[in-house]
Every structure is written in structure tokens, then in C-alpha cells.
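S.K.: Before we start, here is the structure in question, set down as C-alpha cells.
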Amino acid sequence: MSAKFERKRGKDSPTISTASLPDIIFILLFFFMVSTVMRDSDALVTTHVPKGTELTKIEKKSMVSTINVGPPVSMHQSKYGTAPRVQLNDKFAAPSEVIEFVENERLKKDERLRPYMTFALKVDKKTKMGIVTDVKQELRKAKALKIQYNAALRAQALE
Amino acid sequence: MENWKKKLSISPDKAVVSIKNDRGTSYNIYLQVQNELTAAYNEIRENEAMSKHGMSMEDLPKSVQKEINSKYPMKISEAEPENIGGK
């Protein structure tokens, strides 16, 4: 009996059980594994898209491959100039390389899904139609006929 | 009644809109034109939905939406660009 009392007067406070700590760590780990999204390639070109009112929301982002066109980002202007260029994945490209890009994007997809693929043109509003037309014609040659123009929403009509 | 309702096409399913631009045309302007075209088609289709079905396009079932869309199909033809303005 006295032994019990002695133990109570000891300096240790009742120890907290750490048996559930690994569980918490694993829960956190699984949470991050599920919620992590793969980042798009770094933007090499600026793409301030035009604003429109008749927009449709993209439903299946996984079926969209984006082609960026715009003036190079300030960091790259010394080497690549200020004229608008095409960016495919993570590097600068010429419109003629679009066909190969389309082929590669198609290979990444399951055969049955290929007809549902869309190519998005995310073009800076200050670009001239010359380079955009070149890209569109290459897409046509590659039989990538489902294309979309990315735009931002504007609530009001112009003027 | 809005002016455009008086000038409706006899066969709207055959109507084609043709766009032509210069290589030097600003992409912003090109998209604004596309936006206005889309707005026009949406307005015609919405008008059809309200007058024939009493509901807005977005409230109608997919099959009816498809019906109206094929009655007024969006047929836009883009011509080869010129290079009149120079680069």
C-alpha cells in the first residue's frame, strides 16, 4: 500500500500514450498523396488571354493539351527576344513542331480516348494572327480538329 | 421586335458565316469577333428555346438542346489570311 502512494508522489506526470502517432503520420501522408497535383511546365511565355462573354467551362482537363503562344517572359527576353513565340510543353518551339507535339500527346493517351482529345490555344491577346494561323494550320495537318481558344470571363458587353 | 428577327434565313441550317483576317490582325480582335458570333448564335438559339418551349436553353434537357443546336448550327468558315498589312 505504501508503495502505491510513493509512486503517486513521484515527479513524473502521467505519460501521454504515443501509440497513435504513426497513425496520424500515415493519415497525413495519404492525404498529401491524394491531394497533390502535378504542376504544369513553367511558363516561358506570357499569356494574357482575351476576355469574352460566351465562355464554356472545360469539363475534362485531362483531355486537353495546351499550346501557349505569347511574348517570352522577361527572364528569357534577352535570349529569345520580345516577339511572340510558341511554347510546347516546357520549351520554345516553331509552329512546324506542332505536328510532332500532337503525335506525342496522342501517344500518351489510351487509344479509345484519342478521339476525345482537344488542343487548347492559350494565346496572349497582343499576338498577331500570323503565328496563330501557322499553329492552326499545323494542327489541321495533324488532323487535330478539336481545338479551343482559352479566354477569361468578362461580365459586360463592350462599349 | 428586334430588327434581326425580321430578316431570318429561310434555311438556317445551311447558313455559313465566313471570316477572313490579315496576318497582322490582333488576336484579341479575332477572339472578340468569335465571341460576338457565338453570342449571336446563342441569342438565336435562346430565342427558339423560349418561344417554342417556354424555357431557357440551359433548363432544357440535352436532347432538346441538341435539336435546337442542329436547327441553328454554328457553321463558321475561315479563309486563308492575307498579308496586306505587312508584319
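The way I read the labels, and the way they are meant: chains A, B, ... in the order of the C-alpha cells, residue 1 as the first residue of every chain, and ligand 1 as the first ligand shown, with later ones counted on from there.
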Would you list, as a list in words, the residues of chain B that end up in strand (DSSP E or B) under DSSP run on this structure's backbone?

M.R.: Val17, Ser18, Ile19, Asp22, Ser26, Ile76, Ser77, Glu78 and Glu82 of chain B

S.K.: Those same residues, written as a CSV table (one decimal), in the first residue's frame with all heavy atoms?

M.R.:
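The result, stored in out-v9.csv:
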chain,number,residue,atom,x,y,z
B,17,VAL,N,-21.2,31.4,-92.0
B,17,VAL,CA,-20.5,32.7,-91.7
B,17,VAL,C,-19.1,32.6,-92.1
B,17,VAL,O,-18.4,31.6,-91.7
B,17,VAL,CB,-20.6,33.2,-90.3
B,17,VAL,CG1,-19.9,34.5,-90.0
B,17,VAL,CG2,-22.1,33.3,-89.9
B,18,SER,N,-18.6,33.5,-93.0
B,18,SER,CA,-17.2,33.4,-93.4
B,18,SER,C,-16.4,34.5,-92.7
B,18,SER,O,-16.8,35.6,-92.7
B,18,SER,CB,-17.1,33.5,-94.9
B,18,SER,OG,-15.8,33.5,-95.3
B,19,ILE,N,-15.2,34.1,-92.2
B,19,ILE,CA,-14.3,35.1,-91.6
B,19,ILE,C,-13.0,35.1,-92.4
B,19,ILE,O,-12.5,34.1,-92.8
B,19,ILE,CB,-14.0,34.7,-90.1
B,19,ILE,CG1,-15.2,34.5,-89.2
B,19,ILE,CG2,-13.0,35.7,-89.5
B,19,ILE,CD1,-14.8,34.2,-87.8
B,22,ASP,N,-6.3,39.3,-91.7
B,22,ASP,CA,-4.9,39.6,-92.2
B,22,ASP,C,-4.0,38.9,-91.2
B,22,ASP,O,-4.3,38.7,-90.0
B,22,ASP,CB,-4.7,41.1,-92.2
B,22,ASP,CG,-3.4,41.4,-93.0
B,22,ASP,OD1,-2.4,41.5,-92.3
B,22,ASP,OD2,-3.5,41.6,-94.2
B,26,SER,N,-4.9,41.7,-84.8
B,26,SER,CA,-4.6,41.3,-83.4
B,26,SER,C,-5.5,40.1,-83.0
B,26,SER,O,-6.7,40.0,-83.4
B,26,SER,CB,-4.9,42.5,-82.5
B,26,SER,OG,-5.9,42.3,-81.6
B,76,ILE,N,-19.0,28.1,-89.3
B,76,ILE,CA,-18.1,29.2,-89.5
B,76,ILE,C,-16.9,28.8,-90.4
B,76,ILE,O,-16.2,27.8,-90.1
B,76,ILE,CB,-17.6,29.8,-88.2
B,76,ILE,CG1,-18.7,30.2,-87.3
B,76,ILE,CG2,-16.6,31.0,-88.4
B,76,ILE,CD1,-18.4,30.7,-85.9
B,77,SER,N,-16.7,29.5,-91.4
B,77,SER,CA,-15.6,29.2,-92.4
B,77,SER,C,-14.5,30.2,-92.3
B,77,SER,O,-14.8,31.4,-92.3
B,77,SER,CB,-16.2,29.1,-93.8
B,77,SER,OG,-15.2,29.2,-94.7
B,78,GLU,N,-13.3,29.8,-92.1
B,78,GLU,CA,-12.2,30.8,-92.0
B,78,GLU,C,-11.3,30.7,-93.3
B,78,GLU,O,-10.8,29.7,-93.7
B,78,GLU,CB,-11.3,30.5,-90.8
B,78,GLU,CG,-12.2,30.6,-89.5
B,78,GLU,CD,-11.3,30.6,-88.3
B,78,GLU,OE1,-10.1,30.9,-88.3
B,78,GLU,OE2,-11.8,30.2,-87.2
B,82,GLU,N,-4.6,37.0,-95.5
B,82,GLU,CA,-3.7,37.8,-96.4
B,82,GLU,C,-2.6,38.4,-95.6
B,82,GLU,O,-2.5,38.3,-94.4
B,82,GLU,CB,-4.6,39.0,-97.0
B,82,GLU,CG,-5.8,38.5,-97.8
B,82,GLU,CD,-5.4,38.5,-99.2
B,82,GLU,OE1,-4.4,39.1,-99.6
B,82,GLU,OE2,-6.1,37.8,-100.0

S.K.: What parts of region 9-137 of chain A does DSSP call alpha helix (DSSP H)? I'd like the answer as a compact mmCIF listing (two decimals) with N, CA and C atoms, in the first residue's frame.

M.R.:
# COMPACT_ATOMS: atom_id res chain seq x y z
N LEU A 21 0.63 7.98 -32.78
CA LEU A 21 1.41 8.90 -33.63
C LEU A 21 1.67 8.36 -35.03
N PRO A 22 2.11 7.13 -35.19
CA PRO A 22 2.31 6.60 -36.56
C PRO A 22 1.02 6.67 -37.38
N ASP A 23 -0.11 6.42 -36.76
CA ASP A 23 -1.39 6.50 -37.49
C ASP A 23 -1.61 7.90 -38.04
N ILE A 24 -1.35 8.88 -37.20
CA ILE A 24 -1.55 10.28 -37.65
C ILE A 24 -0.62 10.60 -38.81
N ILE A 25 0.63 10.15 -38.70
CA ILE A 25 1.60 10.41 -39.77
C ILE A 25 1.12 9.79 -41.08
N PHE A 26 0.66 8.53 -40.98
CA PHE A 26 0.19 7.86 -42.21
C PHE A 26 -1.02 8.55 -42.80
N ILE A 27 -1.93 8.99 -41.95
CA ILE A 27 -3.12 9.70 -42.46
C ILE A 27 -2.69 10.95 -43.21
N LEU A 28 -1.76 11.71 -42.62
CA LEU A 28 -1.26 12.91 -43.28
C LEU A 28 -0.60 12.57 -44.61
N LEU A 29 0.19 11.51 -44.58
CA LEU A 29 0.88 11.08 -45.80
C LEU A 29 -0.11 10.73 -46.90
N PHE A 30 -1.12 9.94 -46.56
CA PHE A 30 -2.11 9.55 -47.56
C PHE A 30 -2.86 10.77 -48.08
N PHE A 31 -3.17 11.68 -47.18
CA PHE A 31 -3.86 12.90 -47.60
C PHE A 31 -3.04 13.65 -48.66
N PHE A 32 -1.75 13.84 -48.39
CA PHE A 32 -0.93 14.56 -49.36
C PHE A 32 -0.77 13.78 -50.65
N MET A 33 -0.67 12.46 -50.57
CA MET A 33 -0.54 11.66 -51.78
C MET A 33 -1.76 11.83 -52.68
N VAL A 34 -2.92 11.93 -52.07
CA VAL A 34 -4.14 12.04 -52.86
C VAL A 34 -4.37 13.45 -53.37
N SER A 35 -3.99 14.44 -52.58
CA SER A 35 -4.33 15.81 -52.97
C SER A 35 -3.27 16.50 -53.80
N SER A 74 10.00 37.94 -69.23
CA SER A 74 11.13 38.90 -69.14
C SER A 74 12.47 38.22 -68.94
N MET A 75 12.47 37.14 -68.17
CA MET A 75 13.70 36.41 -67.89
C MET A 75 14.35 35.87 -69.18
N HIS A 76 13.53 35.53 -70.17
CA HIS A 76 14.05 34.93 -71.39
C HIS A 76 14.16 35.90 -72.55
N GLN A 77 13.76 37.14 -72.32
CA GLN A 77 13.74 38.08 -73.44
C GLN A 77 15.11 38.40 -73.99
N SER A 78 16.12 38.37 -73.15
CA SER A 78 17.47 38.69 -73.63
C SER A 78 17.91 37.67 -74.66
N LYS A 79 17.53 36.41 -74.45
CA LYS A 79 17.96 35.37 -75.37
C LYS A 79 16.98 35.15 -76.52
N TYR A 80 15.68 35.31 -76.25
CA TYR A 80 14.68 34.95 -77.26
C TYR A 80 13.91 36.13 -77.83
N VAL A 98 4.59 21.53 -84.17
CA VAL A 98 3.28 21.22 -83.58
C VAL A 98 2.81 19.82 -83.94
N ILE A 99 3.09 19.41 -85.20
CA ILE A 99 2.62 18.08 -85.63
C ILE A 99 3.20 16.99 -84.73
N GLU A 100 4.52 17.10 -84.47
CA GLU A 100 5.16 16.10 -83.62
C GLU A 100 4.57 16.15 -82.21
N PHE A 101 4.29 17.37 -81.74
CA PHE A 101 3.69 17.55 -80.42
C PHE A 101 2.34 16.84 -80.35
N VAL A 102 1.54 16.99 -81.38
CA VAL A 102 0.23 16.34 -81.42
C VAL A 102 0.39 14.83 -81.35
N GLU A 103 1.34 14.29 -82.15
CA GLU A 103 1.58 12.84 -82.15
C GLU A 103 1.95 12.36 -80.76
N ASN A 104 2.87 13.08 -80.12
CA ASN A 104 3.32 12.68 -78.79
C ASN A 104 2.19 12.72 -77.76
N GLU A 105 1.39 13.77 -77.84
CA GLU A 105 0.27 13.88 -76.90
C GLU A 105 -0.71 12.74 -77.11
N ARG A 106 -0.89 12.35 -78.38
CA ARG A 106 -1.82 11.25 -78.66
C ARG A 106 -1.29 9.93 -78.11
N LEU A 107 0.04 9.74 -78.22
CA LEU A 107 0.62 8.50 -77.72
C LEU A 107 0.46 8.35 -76.22
N MET A 129 -2.24 37.54 -85.70
CA MET A 129 -2.85 36.32 -86.21
C MET A 129 -1.90 35.48 -87.05
N GLY A 130 -0.82 36.07 -87.56
CA GLY A 130 0.12 35.31 -88.39
C GLY A 130 0.58 34.03 -87.73
N ILE A 131 1.15 34.13 -86.54
CA ILE A 131 1.71 32.96 -85.87
C ILE A 131 0.59 32.03 -85.40
N VAL A 132 -0.54 32.60 -85.01
CA VAL A 132 -1.67 31.77 -84.57
C VAL A 132 -2.19 30.94 -85.75
N THR A 133 -2.28 31.58 -86.91
CA THR A 133 -2.74 30.87 -88.11
C THR A 133 -1.78 29.75 -88.46
N ASP A 134 -0.47 30.01 -88.33
CA ASP A 134 0.51 28.95 -88.61
C ASP A 134 0.26 27.74 -87.73
N VAL A 135 0.06 28.00 -86.43
CA VAL A 135 -0.17 26.90 -85.50
C VAL A 135 -1.46 26.15 -85.87
N LYS A 136 -2.52 26.91 -86.19
CA LYS A 136 -3.79 26.27 -86.54
C LYS A 136 -3.67 25.41 -87.77
N GLN A 137 -2.87 25.88 -88.75
CA GLN A 137 -2.72 25.09 -89.96
C GLN A 137 -1.93 23.81 -89.71

S.K.: Would you mind listing, for every residue of chain A within 7 Å of chain B, the two atoms forming the shortest contact and the distance between them in Å to one decimal, using only C-alpha atoms, sorted by chain and ascending residue number, as a Markdown table?

M.R.:
| residue | atom | partner | partner_atom | distance |
| --- | --- | --- | --- | --- |
| A:Pro50 | CA | B:Asn28 | CA | 5.5 |
| A:Gly52 | CA | B:Asn35 | CA | 6.0 |
| A:Thr53 | CA | B:Asn35 | CA | 6.8 |
| A:Glu54 | CA | B:Asn35 | CA | 6.0 |
| A:Lys125 | CA | B:Asn28 | CA | 4.6 |
| A:Lys126 | CA | B:Ser26 | CA | 6.2 |
| A:Thr127 | CA | B:Tyr27 | CA | 5.5 |
| A:Lys128 | CA | B:Ser26 | CA | 4.7 |
| A:Met129 | CA | B:Arg23 | CA | 4.9 |
| A:Gly130 | CA | B:Arg23 | CA | 4.0 |

S.K.: Go ahead and save the picked residues with N, CA and C atoms, as an mmCIF file, in the first residue's frame.

M.R.:
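Resulting contents of part_28.cif:
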data_model
loop_
_atom_site.group_PDB
_atom_site.id
_atom_site.type_symbol
_atom_site.label_atom_id
_atom_site.label_comp_id
_atom_site.auth_asym_id
_atom_site.auth_seq_id
_atom_site.Cartn_x
_atom_site.Cartn_y
_atom_site.Cartn_z
ATOM 1 N N PRO A 50 -7.460 36.926 -74.047
ATOM 2 C CA PRO A 50 -8.522 37.911 -74.233
ATOM 3 C C PRO A 50 -9.739 37.585 -73.358
ATOM 4 N N GLY A 52 -13.909 37.321 -72.868
ATOM 5 C CA GLY A 52 -15.124 37.106 -73.658
ATOM 6 C C GLY A 52 -16.316 36.860 -72.750
ATOM 7 N N THR A 53 -17.495 36.882 -73.355
ATOM 8 C CA THR A 53 -18.715 36.659 -72.575
ATOM 9 C C THR A 53 -19.324 35.288 -72.827
ATOM 10 N N GLU A 54 -19.045 34.724 -74.001
ATOM 11 C CA GLU A 54 -19.685 33.452 -74.355
ATOM 12 C C GLU A 54 -18.755 32.286 -74.089
ATOM 13 N N LYS A 125 -3.207 38.156 -75.788
ATOM 14 C CA LYS A 125 -4.085 38.981 -76.627
ATOM 15 C C LYS A 125 -3.344 39.897 -77.581
ATOM 16 N N LYS A 126 -2.053 40.184 -77.288
ATOM 17 C CA LYS A 126 -1.332 41.097 -78.180
ATOM 18 C C LYS A 126 -0.660 40.372 -79.340
ATOM 19 N N THR A 127 -0.840 39.065 -79.440
ATOM 20 C CA THR A 127 -0.233 38.325 -80.544
ATOM 21 C C THR A 127 -0.929 38.666 -81.846
ATOM 22 N N LYS A 128 -0.161 38.590 -82.948
ATOM 23 C CA LYS A 128 -0.770 38.806 -84.265
ATOM 24 C C LYS A 128 -1.260 37.476 -84.803
ATOM 25 N N MET A 129 -2.244 37.543 -85.698
ATOM 26 C CA MET A 129 -2.853 36.316 -86.211
ATOM 27 C C MET A 129 -1.903 35.475 -87.048
ATOM 28 N N GLY A 130 -0.821 36.066 -87.559
ATOM 29 C CA GLY A 130 0.116 35.314 -88.395
ATOM 30 C C GLY A 130 0.581 34.026 -87.731
#

S.K.: Quick one: residues within 8 Å of Ile68 (chain B), only C-alpha atoms counted, chain neighbours fewer than 3 positions away excluded, as number ranges by chain?

M.R.: B: 45, 48-49, 64-65, 71-72

S.K.: I want to know what sits within 7 Å of Val123 (chain A), based on only C-alpha atoms, with residues of the same chain fewer than 5 positions away left out; could you give that as a PDB file with all heavy atoms, in the first residue's frame?

M.R.:
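So out_16.pdb came out as:
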ATOM      1  N   THR A  47       0.982  34.789 -71.224  1.00  0.00           N
ATOM      2  CA  THR A  47      -0.265  34.568 -71.961  1.00  0.00           C
ATOM      3  C   THR A  47      -1.417  35.248 -71.225  1.00  0.00           C
ATOM      4  O   THR A  47      -2.133  34.613 -70.453  1.00  0.00           O
ATOM      5  CB  THR A  47      -0.577  33.077 -72.104  1.00  0.00           C
ATOM      6  OG1 THR A  47      -0.377  32.455 -70.827  1.00  0.00           O
ATOM      7  CG2 THR A  47       0.286  32.413 -73.133  1.00  0.00           C
ATOM      8  N   VAL A  49      -4.777  36.116 -71.753  1.00  0.00           N
ATOM      9  CA  VAL A  49      -5.775  35.739 -72.751  1.00  0.00           C
ATOM     10  C   VAL A  49      -6.843  36.821 -72.872  1.00  0.00           C
ATOM     11  O   VAL A  49      -7.100  37.553 -71.918  1.00  0.00           O
ATOM     12  CB  VAL A  49      -6.428  34.393 -72.407  1.00  0.00           C
ATOM     13  CG1 VAL A  49      -5.414  33.275 -72.552  1.00  0.00           C
ATOM     14  CG2 VAL A  49      -7.023  34.399 -71.015  1.00  0.00           C
ATOM     15  N   ASN A  68       0.874  27.137 -75.754  1.00  0.00           N
ATOM     16  CA  ASN A  68       0.953  28.535 -75.320  1.00  0.00           C
ATOM     17  C   ASN A  68       1.648  29.375 -76.376  1.00  0.00           C
ATOM     18  O   ASN A  68       2.671  28.966 -76.930  1.00  0.00           O
ATOM     19  CB  ASN A  68       1.751  28.645 -74.016  1.00  0.00           C
ATOM     20  CG  ASN A  68       1.002  28.032 -72.852  1.00  0.00           C
ATOM     21  OD1 ASN A  68      -0.058  28.502 -72.479  1.00  0.00           O
ATOM     22  ND2 ASN A  68       1.545  26.970 -72.296  1.00  0.00           N
ATOM     23  N   VAL A  69       1.090  30.537 -76.655  1.00  0.00           N
ATOM     24  CA  VAL A  69       1.720  31.451 -77.603  1.00  0.00           C
ATOM     25  C   VAL A  69       1.727  32.845 -76.988  1.00  0.00           C
ATOM     26  O   VAL A  69       0.703  33.336 -76.532  1.00  0.00           O
ATOM     27  CB  VAL A  69       0.955  31.500 -78.951  1.00  0.00           C
ATOM     28  CG1 VAL A  69       1.681  32.408 -79.934  1.00  0.00           C
ATOM     29  CG2 VAL A  69       0.787  30.117 -79.536  1.00  0.00           C
ATOM     30  N   GLY A  70       2.897  33.485 -76.990  1.00  0.00           N
ATOM     31  CA  GLY A  70       2.949  34.836 -76.454  1.00  0.00           C
ATOM     32  C   GLY A  70       4.379  35.333 -76.432  1.00  0.00           C
ATOM     33  O   GLY A  70       5.301  34.603 -76.807  1.00  0.00           O
TER      34      GLY A  70
END

S.K.: So that I can see what lies close to Tyr116 (chain A), please list as a ChimeraX atom specification the residues with an atom at most 10 Å from it, counting only C-alpha atoms and leaving out residues fewer than 5 positions away in the same chain.

M.R.: /A:60,63-64,146

S.K.: Can you spit out the residues from that selection as a PDB file, in the first residue's frame, using N, CA, C and O atoms?

M.R.:
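Output file again-v7.pdb is given in full below:
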ATOM      1  N   LYS A  60     -13.302  18.268 -69.037  1.00  0.00           N
ATOM      2  CA  LYS A  60     -12.298  17.250 -68.756  1.00  0.00           C
ATOM      3  C   LYS A  60     -10.901  17.817 -69.004  1.00  0.00           C
ATOM      4  O   LYS A  60     -10.402  17.753 -70.120  1.00  0.00           O
ATOM      5  N   MET A  63      -8.219  15.769 -70.785  1.00  0.00           N
ATOM      6  CA  MET A  63      -8.261  15.500 -72.215  1.00  0.00           C
ATOM      7  C   MET A  63      -7.769  16.693 -73.038  1.00  0.00           C
ATOM      8  O   MET A  63      -7.891  16.698 -74.244  1.00  0.00           O
ATOM      9  N   VAL A  64      -7.265  17.712 -72.349  1.00  0.00           N
ATOM     10  CA  VAL A  64      -6.843  18.935 -73.040  1.00  0.00           C
ATOM     11  C   VAL A  64      -5.328  19.052 -73.039  1.00  0.00           C
ATOM     12  O   VAL A  64      -4.693  18.920 -71.996  1.00  0.00           O
ATOM     13  N   LYS A 146     -10.232  19.170 -83.062  1.00  0.00           N
ATOM     14  CA  LYS A 146     -10.979  19.701 -81.924  1.00  0.00           C
ATOM     15  C   LYS A 146     -10.060  20.672 -81.203  1.00  0.00           C
ATOM     16  O   LYS A 146      -9.095  20.265 -80.543  1.00  0.00           O
TER      17      LYS A 146
END

S.K.: Can you pull out every residue within 12 Å of Ile44 (chain B), counting only C-alpha atoms, but drop anything in the same chain fewer than 6 positions away, and send it as a ChimeraX atom specification?

M.R.: /B:2,4-5,8-9,12,37-38,50-51,56-57,68-69,71-74

S.K.: What is the distance between CA of Lys20 (chain B) and CA of Glu138 (chain A), in Å to one decimal?

M.R.: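 CA of Glu138 (chain A) lies at a distance of 18.2 Å from CA of Lys20 (chain B).
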
S.K.: How many Å separate CA of Gly85 (chain B) from CA of Pro95 (chain A)?

M.R.: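 CA of Gly85 (chain B) sits 21.3 Å away from CA of Pro95 (chain A).
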
S.K.: One decimal, in Å: what's the spacing between CA of Ile58 (chain A) and CA of Phe119 (chain A)?

M.R.: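 Distance between the two atoms: 11.7 Å.
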